[in-house]
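Enquirer: Contents of entry_32.txt (compact mmCIF, C-alpha atoms) are below:
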# COMPACT_ATOMS: atom_id res chain seq x y z
CA MET N 524 42.58 -9.40 -6.95
CA SER N 525 38.97 -10.26 -7.83
CA ASP N 526 38.81 -12.40 -4.65
CA LEU N 527 38.94 -9.19 -2.60
CA LYS N 528 35.85 -7.73 -4.21
CA ILE N 529 33.13 -6.88 -1.72
CA ASP N 530 29.91 -8.87 -2.00
CA ARG N 531 27.41 -6.04 -1.71
CA THR N 532 24.49 -8.47 -1.49
CA ALA N 533 25.83 -10.00 1.72
CA LYS N 534 24.49 -8.52 4.96
CA THR N 535 26.87 -7.46 7.72
CA LEU N 536 26.64 -8.88 11.22
CA ARG N 537 25.15 -5.58 12.36
CA GLU N 538 22.45 -5.74 9.66
CA LEU N 539 21.61 -9.34 10.50
CA THR N 540 21.36 -8.47 14.19
CA LEU N 541 19.21 -5.45 13.40
CA ASP N 542 16.84 -7.59 11.30
CA LYS N 543 16.60 -10.21 14.02
CA LEU N 544 15.96 -7.81 16.90
CA ARG N 545 13.57 -5.65 14.89
CA GLY N 546 11.61 -8.77 13.93
CA ALA N 547 11.49 -9.93 17.55
CA ILE N 548 9.94 -6.61 18.61
CA VAL N 549 7.54 -6.40 15.65
CA GLN N 550 6.35 -9.98 16.18
CA GLY N 551 5.85 -9.43 19.91
CA TYR N 552 8.65 -11.67 21.22
CA PHE N 553 9.66 -8.66 23.32
CA LYS N 554 6.57 -7.01 24.81
CA PRO N 555 5.96 -3.26 25.12
CA GLY N 556 7.83 -1.88 28.13
CA ALA N 557 10.15 -4.91 28.37
CA ARG N 558 13.74 -4.06 29.30
CA LEU N 559 16.36 -4.81 26.67
CA VAL N 560 19.41 -5.78 28.72
CA GLU N 561 22.59 -5.60 26.67
CA ARG N 562 24.32 -8.57 28.32
CA THR N 563 21.27 -10.79 27.88
CA LEU N 564 20.88 -9.74 24.24
CA CYS N 565 24.56 -10.48 23.61
CA ASP N 566 24.06 -14.02 24.88
CA GLU N 567 20.78 -14.56 23.00
CA LEU N 568 22.01 -13.14 19.71
CA GLY N 569 25.60 -14.34 19.94
CA VAL N 570 27.12 -10.95 19.11
CA SER N 571 29.26 -8.38 20.86
CA ARG N 572 28.00 -5.60 23.12
CA THR N 573 29.20 -3.05 20.57
CA VAL N 574 26.90 -4.52 17.91
CA VAL N 575 23.97 -4.68 20.34
CA ARG N 576 24.45 -1.03 21.34
CA GLU N 577 24.57 0.10 17.71
CA VAL N 578 21.42 -1.85 16.90
CA LEU N 579 19.54 -0.50 19.93
CA ARG N 580 20.44 3.04 18.93
CA HIS N 581 19.15 2.39 15.42
CA LEU N 582 15.91 0.89 16.71
CA GLU N 583 15.46 3.98 18.88
CA THR N 584 15.50 6.13 15.72
CA GLU N 585 12.83 3.82 14.24
CA GLY N 586 10.58 4.30 17.25
CA LEU N 587 10.76 0.68 18.41
CA VAL N 588 13.01 1.31 21.41
CA GLU N 589 13.01 4.10 23.97
CA ILE N 590 15.44 4.98 26.74
CA VAL N 591 13.85 5.16 30.18
CA ALA N 592 15.59 6.74 33.16
CA ARG N 593 17.09 4.18 35.57
CA GLN N 594 15.98 1.33 33.29
CA GLY N 595 17.86 1.88 30.06
CA PRO N 596 16.53 0.65 26.71
CA VAL N 597 13.00 -0.76 26.72
CA VAL N 598 10.58 -1.77 23.97
CA ALA N 599 8.61 1.36 23.10
CA ARG N 600 4.98 1.37 24.12
CA LEU N 601 2.41 2.00 21.42
CA ASP N 602 0.72 5.30 22.19
CA PRO N 603 -2.85 5.43 20.78
CA ASN N 604 -2.48 9.10 19.78
CA GLN N 605 0.70 8.38 17.83
CA VAL N 606 -0.88 5.30 16.30
CA GLY N 607 -3.81 7.39 15.12
CA GLU N 608 -1.43 9.90 13.57
CA ILE N 609 0.49 7.15 11.75
CA TYR N 610 -2.73 5.92 10.18
CA GLU N 611 -3.72 9.47 9.22
CA LEU N 612 -0.41 9.86 7.37
CA ARG N 613 -0.81 6.47 5.73
CA SER N 614 -4.30 7.36 4.56
CA LEU N 615 -3.15 10.60 2.97
CA LEU N 616 -0.02 9.24 1.31
CA GLU N 617 -1.25 5.81 0.25
CA ALA N 618 -4.58 7.03 -1.15
CA HIS N 619 -2.75 9.63 -3.20
CA ALA N 620 -0.26 7.00 -4.44
CA ALA N 621 -3.07 4.53 -5.22
CA GLN N 622 -4.83 7.14 -7.35
CA ALA N 623 -1.64 8.05 -9.21
CA CYS N 624 -0.76 4.39 -9.70
CA ALA N 625 -4.20 3.69 -11.18
CA GLU N 626 -3.97 6.63 -13.54
CA ARG N 627 -0.57 5.45 -14.79
CA ALA N 628 -1.34 1.72 -14.74
CA THR N 629 -0.21 -0.54 -17.58
CA PRO N 630 -0.67 -4.32 -17.90
CA ALA N 631 2.92 -4.73 -16.67
CA VAL N 632 2.21 -2.65 -13.55
CA VAL N 633 -0.91 -4.66 -12.77
CA ALA N 634 0.93 -7.94 -13.32
CA ARG N 635 3.68 -6.85 -10.92
CA LEU N 636 1.19 -5.93 -8.21
CA ARG N 637 -0.93 -9.06 -8.71
CA GLU N 638 2.12 -11.30 -8.41
CA ILE N 639 2.91 -9.73 -5.03
CA ARG N 640 -0.74 -10.03 -3.98
CA HIS N 641 -0.64 -13.77 -4.78
CA ARG N 642 2.39 -14.10 -2.52
CA ILE N 643 0.55 -12.31 0.30
CA GLU N 644 -2.49 -14.57 -0.06
CA SER N 645 -0.29 -17.67 -0.08
CA ALA N 646 1.47 -16.46 3.06
CA PHE N 647 -1.88 -15.89 4.81
CA ALA N 648 -3.00 -19.38 3.77
CA ALA N 649 0.21 -20.85 5.21
CA HIS N 650 -0.15 -18.76 8.40
CA ASP N 651 3.32 -17.34 7.70
CA MET N 652 2.79 -13.91 9.22
CA GLN N 653 6.40 -12.82 8.82
CA ARG N 654 6.06 -13.50 5.10
CA VAL N 655 2.78 -11.55 5.05
CA LEU N 656 4.56 -8.54 6.53
CA GLU N 657 7.46 -8.77 4.09
CA CYS N 658 5.27 -9.10 1.00
CA THR N 659 2.84 -6.41 2.12
CA GLU N 660 5.74 -3.99 2.43
CA GLN N 661 6.85 -5.02 -1.06
CA PHE N 662 3.35 -4.35 -2.43
CA TYR N 663 3.30 -0.80 -1.10
CA ASP N 664 6.85 -0.16 -2.28
CA ALA N 665 5.80 -1.24 -5.78
CA MET N 666 2.62 0.85 -5.72
CA PHE N 667 4.48 4.02 -4.71
CA GLU N 668 7.22 3.35 -7.27
CA GLU N 669 4.75 2.80 -10.10
CA ALA N 670 2.90 5.94 -9.00
CA GLY N 671 6.12 7.95 -9.26
CA LYS N 672 5.84 9.03 -5.61
CA SER N 673 9.44 8.60 -4.43
CA VAL N 674 9.32 11.32 -1.75
CA SER N 675 6.09 9.95 -0.29
CA LEU N 676 7.64 6.48 -0.28
CA SER N 677 10.65 7.74 1.67
CA VAL N 678 8.29 9.17 4.31
CA VAL N 679 6.41 5.88 4.58
CA LYS N 680 9.67 3.94 4.81
CA SER N 681 10.75 6.08 7.76
CA LEU N 682 7.66 4.74 9.56
CA ASN N 683 7.88 1.16 8.29
CA ALA N 684 9.13 -0.37 11.55
CA ARG N 685 6.18 1.03 13.47
CA ILE N 686 3.75 0.29 10.62
CA ASN N 687 4.86 -3.35 10.54
CA ARG N 688 4.52 -3.59 14.31
CA LEU N 689 0.91 -2.45 13.97
CA ARG N 690 0.34 -4.78 11.02
CA ALA N 691 1.53 -7.68 13.14
CA LEU N 692 -1.21 -6.78 15.63
CA THR N 693 -3.99 -6.44 13.10
CA ILE N 694 -3.26 -9.52 10.97
CA ALA N 695 -3.43 -11.63 14.13
CA THR N 696 -7.13 -10.72 14.43
CA PRO N 697 -9.33 -13.78 13.66
CA GLY N 698 -10.62 -13.63 10.08
CA ARG N 699 -8.41 -10.68 9.18
CA GLY N 700 -6.63 -12.57 6.42
CA GLU N 701 -9.75 -12.98 4.28
CA GLU N 702 -10.96 -9.48 5.08
CA SER N 703 -7.62 -7.89 4.23
CA ASN N 704 -7.39 -9.84 0.98
CA ARG N 705 -10.82 -8.57 -0.07
CA GLU N 706 -9.89 -4.97 0.72
CA MET N 707 -6.56 -5.09 -1.08
CA ASN N 708 -7.99 -6.89 -4.11
CA ALA N 709 -10.65 -4.17 -4.39
CA LEU N 710 -7.78 -1.66 -4.49
CA LEU N 711 -5.94 -3.65 -7.12
CA ASP N 712 -9.07 -4.11 -9.23
CA ALA N 713 -9.53 -0.32 -9.26
CA ILE N 714 -5.90 0.12 -10.32
CA GLU N 715 -6.41 -2.37 -13.14
CA ARG N 716 -9.48 -0.43 -14.32
CA ARG N 717 -7.36 2.74 -14.16
CA ASP N 718 -10.03 4.23 -11.90
CA GLY N 719 -8.01 6.61 -9.73
CA GLU N 720 -10.92 7.78 -7.59
CA ALA N 721 -12.01 4.21 -6.79
CA ALA N 722 -8.42 3.23 -5.97
CA ALA N 723 -8.10 6.13 -3.53
CA LEU N 724 -11.44 5.23 -1.90
CA ALA N 725 -10.41 1.57 -1.57
CA SER N 726 -7.10 2.58 -0.04
CA ARG N 727 -8.74 4.86 2.54
CA ALA N 728 -11.34 2.19 3.41
CA HIS N 729 -8.59 -0.38 3.98
CA ILE N 730 -6.58 1.91 6.22
CA LYS N 731 -9.68 3.01 8.18
CA ARG N 732 -10.50 -0.62 8.95
CA THR N 733 -6.89 -1.40 9.84
CA SER N 734 -6.75 1.61 12.16
CA GLU N 735 -9.90 0.45 13.96
CA LEU N 736 -8.42 -3.01 14.49
CA ALA N 737 -5.09 -1.66 15.72
CA LEU N 738 -6.65 0.72 18.24
CA GLN N 739 -8.96 -2.02 19.50
CA ALA N 740 -6.01 -4.39 19.90
CA LEU N 741 -4.14 -1.75 21.90
CA ALA N 742 -7.17 -1.16 24.13
CA ASP N 743 -7.46 -4.91 24.75
CA GLN N 744 -3.76 -5.09 25.61
CA GLU N 745 -4.17 -2.24 28.10
CA LYS N 746 -7.10 -3.99 29.77
CA ARG N 747 -5.11 -7.23 30.11
CA THR N 748 -2.17 -5.31 31.60
CA MET N 749 -4.42 -3.59 34.14
CA ARG N 750 -5.98 -6.89 35.16
CA ALA N 751 -2.54 -8.46 35.58
CA GLU N 752 -1.48 -5.63 37.87
Before we go any further, please render this structure as structure tokens.

Expert:
Amino acid sequence: MSDLKIDRTAKTLRELTLDKLRGAIVQGYFKPGARLVERTLCDELGVSRTVVREVLRHLETEGLVEIVARQGPVVARLDPNQVGEIYELRSLLEAHAAQACAERATPAVVARLREIRHRIESAFAAHDMQRVLECTEQFYDAMFEEAGKSVSLSVVKSLNARINRLRALTIATPGRGEESNREMNALLDAIERRDGEAAALASRAHIKRTSELALQALADQEKRTMRAE
């Protein structure tokens, strides 16, 4: 009977489809405001309409898809006011977690975070932006976990789809890889020194810069859209 045992590490078709469609929106394959036609998605993804509908409903809860009257599902537009609020929340939660992580830091904690940072730097060097996004999310997960901030982490995770969509915008900025690495290494250095105040300051500085880049990218997108119209 052991052959019937469920492999809990294997992803379902729905989960694979969700990952694929979420990634396509985050990476900009589907542009803001683009219609997401079920039949077309079925053909592109090679799955049933039932799976596509379930995935679209899930992406709506993540803020990546919105339902527009007489159009149906479309890729959600990034509203500058909401973007600003997301970064405000990140600044509050991540700075607090960074401080707590620094105050609780051990050599093992620092080694864990540095190993993830090396992966992020390698991904930037290889221009593998999907890998950058994945490893950056892992870094923050680890920082919150080591800080003992599980509730704060759950709040951040509820925003992760939108956060990663914004990250995809900012890391595409020329020179952002080196700049981001400097900012994040300053944060990690403060954690290693167990300097909670410096870690919080480094975290807020990083998010402030990221927010500026994201809002500028959105403004540039809006100008290009207006010119095209």

Enquirer: Give the answer as one residue: which of N:Ala592, N:Ala695, N:Ala547, N:Ala713 has the shortest atom-to-atom distance to His650 of chain N, using all atoms listed in the file?

Expert: N:Ala695

Enquirer: If you measure from atom CA of Ala684 of chain N to atom CA of Ala599 of chain N, what distance in Å do you get, rounded to one decimal?

Expert: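 These atoms are spaced 11.7 Å apart.
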
Enquirer: Between atom CA of Ala620 of chain N and atom CA of Ala723 of chain N, what is the spacing in Å?

Expert: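 These two atoms are separated by 7.9 Å.
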
Enquirer: Find, counting only C-alpha atoms, the residue in N:Leu656, N:Cys565, N:Ala709, N:Ala691 that gets nearest to Ala721 of chain N.

Expert: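 Closest candidate: N:Ala709.
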
Enquirer: Hey, can you pull every residue with an atom no more than 10 Å from (18.9, 2.1, 21.0), using all atoms listed in the file, and send it as a list in words?

Expert: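 Output: Leu559, Val575, Arg576, Glu577, Val578, Leu579, Arg580, His581, Leu582, Glu583, Thr584, Glu585, Gly586, Leu587, Val588, Glu589, Ile590, Gly595, Pro596, Val597 and Val598 of chain N.
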
Enquirer: Here is a test: counting all atoms listed in the file, which residue of N:Glu617, N:Glu567, N:Glu702, N:Glu638 is nearest to Glu668 of chain N?

Expert: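 Distance minimum relative to Glu668 of chain N lands on N:Glu617.
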
Enquirer: Just checking: using only C-alpha atoms, which residue out of N:Ile643, N:Ala728, N:Leu544, N:Ala628 ends up closest to Leu615 of chain N?

Expert: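 Ranked by minimum distance to Leu615 of chain N, first place goes to N:Ala728.
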
Enquirer: Compare N:Leu710, N:Arg699, N:Val655, N:Ile730 by their minimum atom-to-atom distance to Ile639 of chain N, counting all atoms listed in the file, and give me the closest one.

Expert: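 Closest candidate: N:Val655.
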
Enquirer: Using only C-alpha atoms, find the one residue out of N:Ile714, N:Leu536, N:Lys543, N:Gln594 that sits nearest to Thr573 of chain N.

Expert: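 Going through N:Ile714, N:Leu536, N:Lys543, N:Gln594 one by one, the smallest distance to Thr573 of chain N is for N:Leu536.
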
Enquirer: So how many Å separate atom CA of Asn683 of chain N and atom CA of Glu538 of chain N, to one decimal?

Expert: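 Pair atom CA of Asn683 of chain N / atom CA of Glu538 of chain N returns 16.2 Å.
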
Enquirer: Could you name the residues that touch Leu738 of chain N at 9 Å or less, counting all atoms listed in the file, but leaving out those on the same chain fewer than 4 positions away, as a list in words?

Expert: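 In the requested form, the answer reads Pro603, Val606, Gly607, Thr733, Ser734, Ala742 and Asp743 of chain N.
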
Enquirer: Which residues come within 10 Å of Ala618 of chain N, counting only C-alpha atoms, excluding same-chain residues fewer than 5 positions away, as a PyMOL selection string?

Expert: chain N and resi 612-613+623-624+710+719-730

Enquirer: Please return, as a list of chain:residue names, all polymer residues that have at least one atom within 10 Å of the point (2.5, 6.2, -7.5); use only C-alpha atoms and the file's own coordinate frame.

Expert: N:Leu616, N:Glu617, N:Ala618, N:His619, N:Ala620, N:Ala621, N:Gln622, N:Ala623, N:Cys624, N:Ala625, N:Glu626, N:Arg627, N:Ala628, N:Tyr663, N:Asp664, N:Ala665, N:Met666, N:Phe667, N:Glu668, N:Glu669, N:Ala670, N:Gly671, N:Lys672, N:Ser673, N:Ser675, N:Leu676
